[in-house]
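J.: Okay, handing you the structure first.
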Amino acid sequence: MHAHIAEAVKKPDLISLAPDLACLRFESMKIYSALGAVRQLLDTGAVEPGDTLIDSSSGIYAQALALACHRYGMKCHIVGSTTVDRSTRVQLEILGATLEQVPPSQDLRLDQELRVRRIGEILAANPSYHWMRQYHDDIHYAGYREVAEAVDRDLPDGPLALVGGVGSGASTGAVASYLRAAGRDVSLVGVQPFGSVTFGSERVADPDMIIAGIGSAIEFRNVRHELYDRVHWVNFECAVSGAVELLRTSGIFAGLSAGAAYLGALWERRGDDSRTYVFIAADTGHRYVESAYARHERALDIDTLKPHEITSLDELRLPWSTAPWPAPTAAAVSSS
């Protein structure tokens, strides 16, 4: 029996789609990150029950941190993007978390910078608040040890390839690191949207991109570039097509990052059948119903899709590109 709903909701399901292909499906993957971080902060005395934890979020981490604070008797304040949907806002309110949203912006960089700036103002007025810094504090790696142990236990021995959205860097980076520390041969494949600075695609804009949670317009110091072996840059249309096909063939209803990761895993698997491929579905598809799934009749046949194999970041182009990492011109990015 679980002591709190967060402990139950965090647990992923490992679903076999083929003998060498599995989906690691979460209801909300960020709960692992938030629970692990808050627990460690309490254990080390960095915070105490009743303290206020604050961070920036576009939605998923907000709910996760609110649940972690509810679990451990903390207060929670979120500086949110305008993309935080009504369902999340209502849950935050009932859980006792407070939410303030920055003014609307069509510029992702401006949106993220406004949120960080607002956090600075709040901390100046409330120095007792603890900033969780999900994008920069590697304490968020800690919670994923359990995920790596489950993957190691439930999948057959042998080489693995882990494919998933990079985001803040804590999820894919942590799971791969813990698996490698356990002795597994793991190839780590990161998925990015176009327009993200994390792996150097900021020069290539995707006007339809709404999968910003797997990339960033500002630097995330939690991303350890040296952990990644390959990167796939996937646009909105391809991500939607992957997500629709994943639902159609497996019944898995997941977010757009899962659709992009599914495409990446299938492509990598074609070129190397010596590994078991595990791709991450970090959340459910509910918040993408109107923006993505409702257009399922226009989804592309994924068998007709293939990425541009590039040898330099200068060659990046829509709708889908891929390269080994580090790419030849990526030194400045990977060393940041």
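In the structure tokens, the first chain shown is A, the next is B, and so on; residue numbers restart at 1 for each chain, and ligands run from 1 in the order shown.
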I'd like the contact shell of segment 297-309 of chain A - 7 Å cut-off, only C-alpha atoms, skipping same-chain residues fewer than 3 positions apart - returned as a list in words.
T.: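 In the requested format, the answer is Val240, Ser241, Gly242, Trp320, Ser321, Thr322 and Ala323 of chain A.
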J.: Write a file of the just-selected residues containing N, CA, C and O atoms, as a PDB file, in the first residue's frame.
T.:
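Output saved as result_27.pdb:
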```pdb
ATOM      1  N   VAL A 240       3.711  14.629 -33.955  1.00  0.00           N
ATOM      2  CA  VAL A 240       2.290  14.287 -33.953  1.00  0.00           C
ATOM      3  C   VAL A 240       2.070  12.956 -34.666  1.00  0.00           C
ATOM      4  O   VAL A 240       1.336  12.084 -34.176  1.00  0.00           O
ATOM      5  N   SER A 241       2.711  12.772 -35.807  1.00  0.00           N
ATOM      6  CA  SER A 241       2.539  11.537 -36.584  1.00  0.00           C
ATOM      7  C   SER A 241       3.031  10.334 -35.794  1.00  0.00           C
ATOM      8  O   SER A 241       2.395   9.268 -35.792  1.00  0.00           O
ATOM      9  N   GLY A 242       4.151  10.490 -35.084  1.00  0.00           N
ATOM     10  CA  GLY A 242       4.658   9.402 -34.252  1.00  0.00           C
ATOM     11  C   GLY A 242       3.717   9.086 -33.112  1.00  0.00           C
ATOM     12  O   GLY A 242       3.473   7.910 -32.787  1.00  0.00           O
ATOM     13  N   TRP A 320      13.099  16.634 -39.862  1.00  0.00           N
ATOM     14  CA  TRP A 320      13.693  15.666 -38.934  1.00  0.00           C
ATOM     15  C   TRP A 320      15.150  15.487 -39.337  1.00  0.00           C
ATOM     16  O   TRP A 320      15.452  15.201 -40.493  1.00  0.00           O
ATOM     17  N   SER A 321      16.042  15.698 -38.391  1.00  0.00           N
ATOM     18  CA  SER A 321      17.474  15.505 -38.627  1.00  0.00           C
ATOM     19  C   SER A 321      18.056  14.664 -37.503  1.00  0.00           C
ATOM     20  O   SER A 321      17.527  14.643 -36.380  1.00  0.00           O
ATOM     21  N   THR A 322      19.156  13.993 -37.781  1.00  0.00           N
ATOM     22  CA  THR A 322      19.818  13.208 -36.746  1.00  0.00           C
ATOM     23  C   THR A 322      21.315  13.191 -36.997  1.00  0.00           C
ATOM     24  O   THR A 322      21.775  13.371 -38.133  1.00  0.00           O
ATOM     25  N   ALA A 323      22.063  12.982 -35.907  1.00  0.00           N
ATOM     26  CA  ALA A 323      23.526  12.953 -36.003  1.00  0.00           C
ATOM     27  C   ALA A 323      24.100  12.282 -34.771  1.00  0.00           C
ATOM     28  O   ALA A 323      23.494  12.302 -33.696  1.00  0.00           O
TER      29      ALA A 323
END
```
J.: Hey, could you make a per-residue contact list for segment 81-124 of chain A against segment 31-53 of chain A with 12 Å as the cut-off, showing the nearest pair of atoms and its distance in Å to one decimal, counting only C-alpha atoms, sorted by chain and number, as JSON lines?
T.:
```
{"residue": "A:Gly96", "atom": "CA", "partner": "A:Thr52", "partner_atom": "CA", "distance": 11.4}
{"residue": "A:Ala97", "atom": "CA", "partner": "A:Thr52", "partner_atom": "CA", "distance": 9.7}
{"residue": "A:Thr98", "atom": "CA", "partner": "A:Thr52", "partner_atom": "CA", "distance": 10.4}
{"residue": "A:Ile119", "atom": "CA", "partner": "A:Leu53", "partner_atom": "CA", "distance": 11.1}
{"residue": "A:Ile122", "atom": "CA", "partner": "A:Leu53", "partner_atom": "CA", "distance": 11.5}
{"residue": "A:Leu123", "atom": "CA", "partner": "A:Leu53", "partner_atom": "CA", "distance": 10.5}
```
J.: Would you list the contacts of Val191 of chain A as a list in words, taking every protein, DNA or RNA residue within 8 Å and counting only C-alpha atoms, but skipping same-chain residues closer than 6 positions in sequence?
T.: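 With the cut-off at 8 Å, the set is Val163, Gly164, Gly165, Val166, Ile214, Val231, His232, Trp233, Val234, Ser257, Ala260, Ala261 and Gly264 of chain A.
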J.: Segment 86-93 of chain A: which residues within 12 Å, counting only C-alpha atoms, same-chain residues fewer than 3 positions away excluded, as a ChimeraX atom specification?
T.: /A:57-70,75-83,96-101,286-287
J.: Just give me the gap between atom CA of Gly255 of chain A and atom CA of Ala282 of chain A in Å, one decimal is fine.
T.: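 Computing it gives 7.1 Å between the two atoms.
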J.: So what do you get for atom CA of Asp272 of chain A versus atom CA of Gly251 of chain A, distance-wise?
T.: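 Between atom CA of Asp272 of chain A and atom CA of Gly251 of chain A the gap is 25.9 Å.
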J.: Based on the backbone DSSP call, show me all residues of segment 121-231 of chain A assigned strand (DSSP E or B), as a CSV table (one decimal) with C-alpha atoms, in the first residue's frame.
T.:
```
chain,number,residue,atom,x,y,z
A,130,HIS,CA,14.0,27.6,-1.6
A,131,TRP,CA,14.4,27.8,-5.3
A,160,LEU,CA,20.3,-1.2,-24.4
A,161,ALA,CA,19.5,2.0,-26.2
A,162,LEU,CA,17.5,4.6,-24.3
A,163,VAL,CA,15.6,7.2,-26.4
A,164,GLY,CA,13.8,10.2,-24.9
A,165,GLY,CA,13.3,13.9,-24.8
A,186,VAL,CA,23.7,1.8,-22.8
A,187,SER,CA,23.5,4.0,-25.9
A,188,LEU,CA,21.7,7.3,-25.0
A,189,VAL,CA,19.7,9.0,-27.8
A,190,GLY,CA,18.4,12.4,-27.0
A,191,VAL,CA,15.3,13.9,-28.7
A,192,GLN,CA,15.1,17.7,-29.3
A,230,ARG,CA,23.1,10.5,-30.7
A,231,VAL,CA,20.6,13.3,-31.1
```
J.: Taking into account only C-alpha atoms, which residue in the set A:Gly259, A:Pro156, A:Pro104, A:Gly143 is nearest to Phe236 of chain A?
T.: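 Counting only C-alpha atoms, the residue closest to Phe236 of chain A is A:Gly259.
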J.: What gap, in Å, lies between atom CA of Ala239 of chain A and atom CA of Ala258 of chain A?
T.: 7.8 Å
J.: Using only C-alpha atoms, find the one residue out of A:Ser16, A:Gln134, A:Asn235, A:Ser56 that sits nearest to Arg317 of chain A.
T.: A:Asn235
J.: Among segment 11-164 of chain A, which residues carry a DSSP assignment of helix (DSSP H, G or I), reported as a PyMOL selection string?
T.: chain A and resi 30-44+60-72+86-95+108-125+138-154
J.: Just write the chosen residues, C-alpha atoms, as a PDB file, in the first residue's frame.
T.:
```pdb
ATOM      1  CA  LYS A  30       8.590  14.600 -13.319  1.00  0.00           C
ATOM      2  CA  ILE A  31       7.106  13.242 -10.079  1.00  0.00           C
ATOM      3  CA  TYR A  32      10.209  11.064  -9.693  1.00  0.00           C
ATOM      4  CA  SER A  33      12.397  14.123 -10.072  1.00  0.00           C
ATOM      5  CA  ALA A  34      10.407  16.277  -7.642  1.00  0.00           C
ATOM      6  CA  LEU A  35       9.947  13.602  -4.967  1.00  0.00           C
ATOM      7  CA  GLY A  36      13.617  12.630  -5.041  1.00  0.00           C
ATOM      8  CA  ALA A  37      14.778  16.234  -4.836  1.00  0.00           C
ATOM      9  CA  VAL A  38      12.444  17.236  -1.992  1.00  0.00           C
ATOM     10  CA  ARG A  39      13.266  14.103  -0.008  1.00  0.00           C
ATOM     11  CA  GLN A  40      17.002  14.766  -0.339  1.00  0.00           C
ATOM     12  CA  LEU A  41      16.586  18.416   0.669  1.00  0.00           C
ATOM     13  CA  LEU A  42      14.713  17.331   3.800  1.00  0.00           C
ATOM     14  CA  ASP A  43      17.209  14.561   4.623  1.00  0.00           C
ATOM     15  CA  THR A  44      20.151  16.984   4.415  1.00  0.00           C
ATOM     16  CA  ILE A  60       4.207  19.112 -15.820  1.00  0.00           C
ATOM     17  CA  TYR A  61       6.850  19.947 -13.213  1.00  0.00           C
ATOM     18  CA  ALA A  62       4.381  22.281 -11.482  1.00  0.00           C
ATOM     19  CA  GLN A  63       2.001  19.410 -10.780  1.00  0.00           C
ATOM     20  CA  ALA A  64       4.874  17.144  -9.759  1.00  0.00           C
ATOM     21  CA  LEU A  65       6.327  19.668  -7.303  1.00  0.00           C
ATOM     22  CA  ALA A  66       2.865  20.396  -5.875  1.00  0.00           C
ATOM     23  CA  LEU A  67       2.358  16.678  -5.225  1.00  0.00           C
ATOM     24  CA  ALA A  68       5.828  16.356  -3.655  1.00  0.00           C
ATOM     25  CA  CYS A  69       5.116  19.333  -1.398  1.00  0.00           C
ATOM     26  CA  HIS A  70       1.740  17.836  -0.458  1.00  0.00           C
ATOM     27  CA  ARG A  71       3.487  14.537   0.314  1.00  0.00           C
ATOM     28  CA  TYR A  72       6.109  16.094   2.603  1.00  0.00           C
ATOM     29  CA  ARG A  86      -6.869  24.702 -16.750  1.00  0.00           C
ATOM     30  CA  SER A  87      -6.712  21.120 -15.464  1.00  0.00           C
ATOM     31  CA  THR A  88      -3.272  21.753 -13.942  1.00  0.00           C
ATOM     32  CA  ARG A  89      -4.276  25.154 -12.556  1.00  0.00           C
ATOM     33  CA  VAL A  90      -7.281  23.670 -10.756  1.00  0.00           C
ATOM     34  CA  GLN A  91      -5.234  20.808  -9.325  1.00  0.00           C
ATOM     35  CA  LEU A  92      -2.572  23.217  -8.046  1.00  0.00           C
ATOM     36  CA  GLU A  93      -5.213  25.353  -6.367  1.00  0.00           C
ATOM     37  CA  ILE A  94      -6.837  22.410  -4.602  1.00  0.00           C
ATOM     38  CA  LEU A  95      -3.459  20.968  -3.548  1.00  0.00           C
ATOM     39  CA  LEU A 108       9.913  31.046 -25.901  1.00  0.00           C
ATOM     40  CA  ARG A 109      13.164  32.653 -24.775  1.00  0.00           C
ATOM     41  CA  LEU A 110      11.319  35.712 -23.476  1.00  0.00           C
ATOM     42  CA  ASP A 111       8.759  33.509 -21.691  1.00  0.00           C
ATOM     43  CA  GLN A 112      11.492  31.549 -19.880  1.00  0.00           C
ATOM     44  CA  GLU A 113      13.518  34.656 -19.068  1.00  0.00           C
ATOM     45  CA  LEU A 114      10.438  36.408 -17.659  1.00  0.00           C
ATOM     46  CA  ARG A 115       9.769  33.455 -15.374  1.00  0.00           C
ATOM     47  CA  VAL A 116      13.344  33.349 -14.079  1.00  0.00           C
ATOM     48  CA  ARG A 117      13.344  37.119 -13.565  1.00  0.00           C
ATOM     49  CA  ARG A 118      10.111  36.902 -11.583  1.00  0.00           C
ATOM     50  CA  ILE A 119      11.550  34.171  -9.373  1.00  0.00           C
ATOM     51  CA  GLY A 120      14.477  36.468  -8.600  1.00  0.00           C
ATOM     52  CA  GLU A 121      12.063  39.195  -7.505  1.00  0.00           C
ATOM     53  CA  ILE A 122      10.135  36.795  -5.282  1.00  0.00           C
ATOM     54  CA  LEU A 123      13.302  35.429  -3.662  1.00  0.00           C
ATOM     55  CA  ALA A 124      14.530  38.957  -2.954  1.00  0.00           C
ATOM     56  CA  ALA A 125      11.288  39.647  -1.087  1.00  0.00           C
ATOM     57  CA  ASP A 138      21.564  18.083 -10.287  1.00  0.00           C
ATOM     58  CA  ILE A 139      19.642  17.043  -7.168  1.00  0.00           C
ATOM     59  CA  HIS A 140      16.902  16.284  -9.701  1.00  0.00           C
ATOM     60  CA  TYR A 141      18.927  13.309 -10.955  1.00  0.00           C
ATOM     61  CA  ALA A 142      18.482  11.458  -7.655  1.00  0.00           C
ATOM     62  CA  GLY A 143      14.876  10.339  -8.040  1.00  0.00           C
ATOM     63  CA  TYR A 144      15.531   8.445 -11.271  1.00  0.00           C
ATOM     64  CA  ARG A 145      17.723   5.794  -9.644  1.00  0.00           C
ATOM     65  CA  GLU A 146      14.563   3.733  -9.015  1.00  0.00           C
ATOM     66  CA  VAL A 147      13.615   3.980 -12.692  1.00  0.00           C
ATOM     67  CA  ALA A 148      17.026   2.708 -13.797  1.00  0.00           C
ATOM     68  CA  GLU A 149      16.823  -0.177 -11.330  1.00  0.00           C
ATOM     69  CA  ALA A 150      13.408  -1.182 -12.686  1.00  0.00           C
ATOM     70  CA  VAL A 151      14.617  -1.069 -16.298  1.00  0.00           C
ATOM     71  CA  ASP A 152      17.729  -3.084 -15.412  1.00  0.00           C
ATOM     72  CA  ARG A 153      15.624  -5.659 -13.567  1.00  0.00           C
ATOM     73  CA  ASP A 154      12.801  -6.050 -16.073  1.00  0.00           C
TER      74      ASP A 154
END
```
